[in-house]
Structures are given as structure tokens and as C-alpha cells.
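Please read the structure below before turning to the comments.
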Amino acid sequence: MRQKLFEYYKENASTHALIFRHMQWFRRLFLIVLFFNVILICVAAVGSFLTDFISSMLIWLLTSMSFFIFYRLNRLFDIKAMKILKKYHSISSSPQTWSEHLADIRITKVTEYLLEHDMHQKWKIERLIIDFQKDNERGKIPPLIAPSIILAISIPNLTQLCFQIYTYFNLEGNLPYFILNMSYPKVVLNILIFLVILVVSLFIVGIFSVLNKMYGFIQHQIVDNHAPKRSGLTETLENILYRLHDKNSG
């Protein structure tokens, strides 16, 4: 029975059935630009260290332009989704509120299915939610590399590296020229070193976070492409459960 509900949801109440089915080429373009942006971030990050200043700036300029295109596509996506709701479901909305109306359509369709198949009881809906959550957990694969793990295994090496950096630049002959004439040059130097190391560390962790998000996106779309639909169905069942609770309370 759980599988039949899931099949019904996929064909009649999922975002793919209600929206994406009517804008397939645009969605493909949207996903391509998204992947392109993630790749550009990685290239820009590596290029900042391996190329000269001008080349690095050109890479970041290209990345910024790509992000602007993605932002415009995202806005266009909302407009197209709004028009699809108007055309196929006779619902007037704004680009900012179409997803709320979509959630209402899902709740209505899934509720009708539950009523028709004698599943519209609190304990049955709770059991369905638990089962779908378990299905999603089983479909997950471990993250690529957790940023916290990267930090944990890097701390000993980073400690030694930072010690060497502080020692080297605090020698009288190695003080940078631009701080020699400042008051308390060594204090200023150590603050600058700390800030640079902090920014670089955060940047590296951010890169791995982006890679993990991309990895998770690929996992949902390719490895287990039913996961987003199960998550959507679980959320819908939870909303139905809340409404059922409010109805019983009233």
C-alpha cells in the first residue's frame, strides 16, 4: 500500500508531475547552469592560487556573470511555475507564492487518495511517515568528505604550519616593509597573519561544503532520484497529520 501511494504521488502530486512536466527543457537548462556554477566556483578557487592576478580576476568575473545568469533563470523559473499553475490548475499566484499553492494542491490530492483507500487515520499516516523516512535513510550514501573531518585531521599539521609562519615573519629581517613604520609592528603583523589564516581556513571549509552539497544533489538526482519525491510526500503527510490533529482538536 505504501508503494502504491508513492506511485500515485509521483504521477499526480509531485513537483515533477505538477510543474516540471510542463517545463522540461527549461528545467534541464536550469540544472546545467547550476552544475556549471558549482564547477566554476571550484575552478575559481583553485585558479586563485595557481594563476596570476589578472587571470584569477577574469575567472572570478566569469563566475560572477554565471551567478547572475543563474539568478535570472531562478526568477524566470518562478514566473514560469506561476503561469503553469494558472494554466493547468486555475490558480492565480505570484512568483513568490506559487510553492505555497503547490503545497495545497499536494495536500488535497494525497488526502483524497488516503480517504479513498481507508488510510486517513492518524496512526496510519504516522506509520507512512516513518516508513518513507526509513526509505530515504537507506537510500543515502555517505558524504564525500565532511568539513569537520577535514578540520580534525588537519589541525596537527595546521598547528605546525602556523607556528612556522609566525616564527618566520616575526624575525626582524623578515618583517614586511609595509608595517615596518607602524606602531607596534609585530602586534599588527600577528593580527594580520591570524586573519589571513582564518580566512584561508574558512575558504577551504567552504569549498568542501559546496562540493558536499553538489555531491548530495547528484545523489538525489542520479543515485536515488526518488529521494526528493519521498521527502515531498513525507512533508505532505506531515501537513495532513497537522490538519487532522487540528480538526480533531476542534
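Letters for chains follow the order of the C-alpha cells (A, B, ...), residue numbers begin at 1 for each chain, and ligand numbers begin at 1 in the order shown.
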
| request: Would you mind listing what lies within 8 Å of A:Ser92 as a list in words, with only C-alpha atoms counted and same-chain residues fewer than 4 positions away left out? | output: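 Here the answer would be Met82, Leu85 and Lys86 of chain A.
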
| message | as a list in words, please: the residues near A:Tyr88 (cut-off 10 Å, only C-alpha atoms, same-chain neighbours under 4 positions excluded). | response |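 Those residues are Leu18, Ile19, His22, Lys83 and Ile84 of chain A.
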
| said: Please extract the residues of stretch 32-143 of chain A with a backbone DSSP assignment of alpha helix (DSSP H) and present them as a ChimeraX atom specification. | reply: /A:32-50,53-89,98-116,122-139

| Closest to A:Gln133 among A:Leu158, A:Arg230, A:Phe35, A:Leu241, using only C-alpha atoms? | A:Arg230

| message | Applying 12 Å and only C-alpha atoms, which residues near A:Phe36 remain after dropping the ones on its own chain fewer than 3 positions away? List them as a ChimeraX atom specification. | response | /A:29-33,39-44,62-67,69-70,214

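Comparing A:Leu61, A:Ala81, A:Ala13, A:Ile107 by their smallest distance to A:Ile240, the closest is A:Ile107 (using only C-alpha atoms).
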